[in-house]
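Participant: This is the structure, below, for whatever I ask next.
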Amino acid sequence: MTGAEPTGPETRGPAGGRVIALVDDDRNILTTVSIALQSEGYATRVYSDGENALKALLENPPDLAVFDIKMPRMDGMELLRRLREHSRLPVIFLTSKDDERDEEAGLQMGADDYIAKPFSLRLLLARIRVILRRSGATDGPLADTPEETPQTRETIQRGRLTMDPARHHVTWDGQPVSLTVTEFLILMALAVRPGVIKSRNQLMDAAYPDDIFVDDRTVDSHIKRMRRKFRKVDAEFSAIETLYGAGYSFADG
């Protein structure tokens, strides 16, 4: 498997032939993810390190890139930094590193989401669909996914919170707040019905595809990180309320 060659023909299917670039030094991950993407109708290009990937991503941009943080020659953070000097290409990080500082730095540089290894291919495919839809790179069957409903296509205004589901864009008092796709979906599930208590299971259902198991504490971690991000623009932020033993709610007052 060479650094700059697609793993297979750029076939067209439900994904409309959109191209996904994969950057990882793990040959097994490149092969497994590439096969899964091609089975959904995506075309794939694979690269085994950041240096080889950077030139190709700039010269012949795909529709979205998925790459690891920890790689030889040029790691994912440096690849993203240099990519962002010239391109707004949507990017998903695959990472085994549980370091919130890396996540925050990546989001500030323009990463669109993080998915931790070991990861679910179903979750990765769902996140790719959401991000492509947000970036305007989708049409046809991918325009509607299970994560979108007619009630959540229009801009949501709740007090000082504004959410744009089409672009997954969030502001608080007019200031942008950088959320991952998962965090956005959890927040939207709360904000569409202010004051209504949502259990952890309900929030997991809103943020993850069917049949993907996540621990209850995962939702708590997402809520904790969201609060921290909002408090960076408003130290008094308290709109996400905890109802102990029941779940969470959003207060728009």
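Ordered as shown in the structure tokens, chains take letters A, B, and onward, while each chain numbers its residues from 1 and ligands are numbered from 1 in the order shown.
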As a PyMOL selection string, please: the residues near Pro62 of chain A (cut-off 6 Å, only C-alpha atoms, same-chain neighbours under 2 positions excluded).
Facilitator: chain A and resi 19-20+64
Participant: Give me, as a ChimeraX atom specification, the residues of segment 154-227 of chain A that a backbone DSSP run labels alpha helix (DSSP H).
Facilitator: /A:181-191,200-207,216-227
Participant: Tell me which protein, DNA and RNA residues are within 12 Å of Arg27 of chain A, counting only C-alpha atoms, leaving out same-chain ones fewer than 2 positions away, and put them as a list of chain:residue names.
Facilitator: A:Met1, A:Thr2, A:Gly3, A:Thr7, A:Leu22, A:Val23, A:Asp24, A:Asp25, A:Ile29, A:Leu30, A:Thr31, A:Thr32, A:Val33, A:Ser34, A:Val46, A:Tyr47, A:Ser48, A:Asp49, A:Asp68, A:Met71
Participant: Between A:Tyr248, A:Phe67, A:Phe184, A:Trp172, which is the closest to Phe230 of chain A once you count only C-alpha atoms?
Facilitator: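 So, comparing all the options, the nearest one is A:Trp172.
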Participant: May I have all residues of segment 13-119 of chain A that DSSP, computed from the backbone, assigns to strand (DSSP E or B), given as a VMD selection string?
Facilitator: chain A and resid 19 to 23 43 to 47 64 to 68 91 to 95 113 to 116
Participant: What is the distance between atom CA of Arg129 of chain A and atom CA of Pro176 of chain A, in Å to one decimal?
Facilitator: 22.9 Å
Participant: Between A:Leu94, A:Asp173, A:Ala65, A:Asn60, which residue has the minimum interatomic distance to Asp26 of chain A, considering only C-alpha atoms?
Facilitator: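 Smallest separation from Asp26 of chain A among the options: A:Leu94.
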Participant: I'd like the contact shell of segment 109-118 of chain A - 6 Å cut-off, only C-alpha atoms, skipping same-chain residues fewer than 4 positions apart - returned as a PyMOL selection string.
Facilitator: chain A and resi 91-96+180-181
Participant: Could you jot down the atom CA of Leu125 of chain A to atom CA of Leu37 of chain A separation for me, Å, one decimal place?
Facilitator: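 According to the coordinates, atom CA of Leu125 of chain A and atom CA of Leu37 of chain A are separated by 7.5 Å.
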Participant: List the spatial neighbours of Glu51 of chain A as a ChimeraX atom specification - criterion: any atom at most 7 Å away, only C-alpha atoms, same-chain residues fewer than 3 positions off excluded.
Facilitator: /A:54,73-74
Participant: Let's have the selection written as a PDB file, in the first residue's frame, with all heavy atoms.
Facilitator:
```
ATOM      1  N   LEU A  54       0.487  15.671   3.368  1.00  0.00           N
ATOM      2  CA  LEU A  54       0.297  17.113   3.280  1.00  0.00           C
ATOM      3  C   LEU A  54       0.310  17.604   1.835  1.00  0.00           C
ATOM      4  O   LEU A  54      -0.588  18.327   1.398  1.00  0.00           O
ATOM      5  CB  LEU A  54       1.360  17.844   4.090  1.00  0.00           C
ATOM      6  CG  LEU A  54       1.269  19.375   4.061  1.00  0.00           C
ATOM      7  CD1 LEU A  54      -0.050  19.844   4.655  1.00  0.00           C
ATOM      8  CD2 LEU A  54       2.453  19.995   4.807  1.00  0.00           C
ATOM      9  N   ARG A  73       7.467  11.052  11.266  1.00  0.00           N
ATOM     10  CA  ARG A  73       7.855  12.100  10.322  1.00  0.00           C
ATOM     11  C   ARG A  73       7.088  13.400  10.546  1.00  0.00           C
ATOM     12  O   ARG A  73       7.686  14.441  10.684  1.00  0.00           O
ATOM     13  CB  ARG A  73       7.708  11.626   8.870  1.00  0.00           C
ATOM     14  CG  ARG A  73       8.559  10.408   8.532  1.00  0.00           C
ATOM     15  CD  ARG A  73       8.401  10.006   7.078  1.00  0.00           C
ATOM     16  NE  ARG A  73       8.926  11.019   6.165  1.00  0.00           N
ATOM     17  CZ  ARG A  73       8.784  10.949   4.845  1.00  0.00           C
ATOM     18  NH1 ARG A  73       8.108   9.953   4.289  1.00  0.00           N
ATOM     19  NH2 ARG A  73       9.300  11.901   4.084  1.00  0.00           N
ATOM     20  N   MET A  74       5.768  13.342  10.556  1.00  0.00           N
ATOM     21  CA  MET A  74       4.958  14.519  10.883  1.00  0.00           C
ATOM     22  C   MET A  74       3.696  14.037  11.570  1.00  0.00           C
ATOM     23  O   MET A  74       2.912  13.295  10.985  1.00  0.00           O
ATOM     24  CB  MET A  74       4.591  15.309   9.626  1.00  0.00           C
ATOM     25  CG  MET A  74       3.773  16.570   9.916  1.00  0.00           C
ATOM     26  SD  MET A  74       3.135  17.370   8.413  1.00  0.00           S
ATOM     27  CE  MET A  74       4.665  17.810   7.607  1.00  0.00           C
TER      28      MET A  74
END
```
Participant: For atom CA of Leu132 of chain A and atom CA of Ala21 of chain A, determine how far apart the two atoms are, in Å to one decimal place.
Facilitator: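 Going from atom CA of Leu132 of chain A over to atom CA of Ala21 of chain A covers 13.1 Å.
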Participant: If you count only C-alpha atoms, which residues fall within 12 Å of Gln157 of chain A, apart from same-chain ones fewer than 4 positions away, as a list of chain:residue names?
Facilitator: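 The neighbour list is A:Thr152, A:Leu161, A:Thr162, A:Met163, A:Asp164, A:Pro165, A:Val170, A:Thr171, A:Trp172, A:Asp173, A:Gly174, A:Met188, A:Ala191, A:Val192, A:Arg193, A:Pro194, A:Asp252, A:Gly253.
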Participant: Have a look at A:Gly247, A:Phe119, A:Lys198, A:Leu79 and name the one nearest to Ala56 of chain A; count only C-alpha atoms.
Facilitator: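 When distances to Ala56 of chain A are compared using only C-alpha atoms, the smallest one comes from A:Leu79.
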Participant: Between A:Arg217, A:Arg160, A:Arg18, A:Lys232, which has the minimum distance to Val177 of chain A (counting only C-alpha atoms)?
Facilitator: A:Lys232
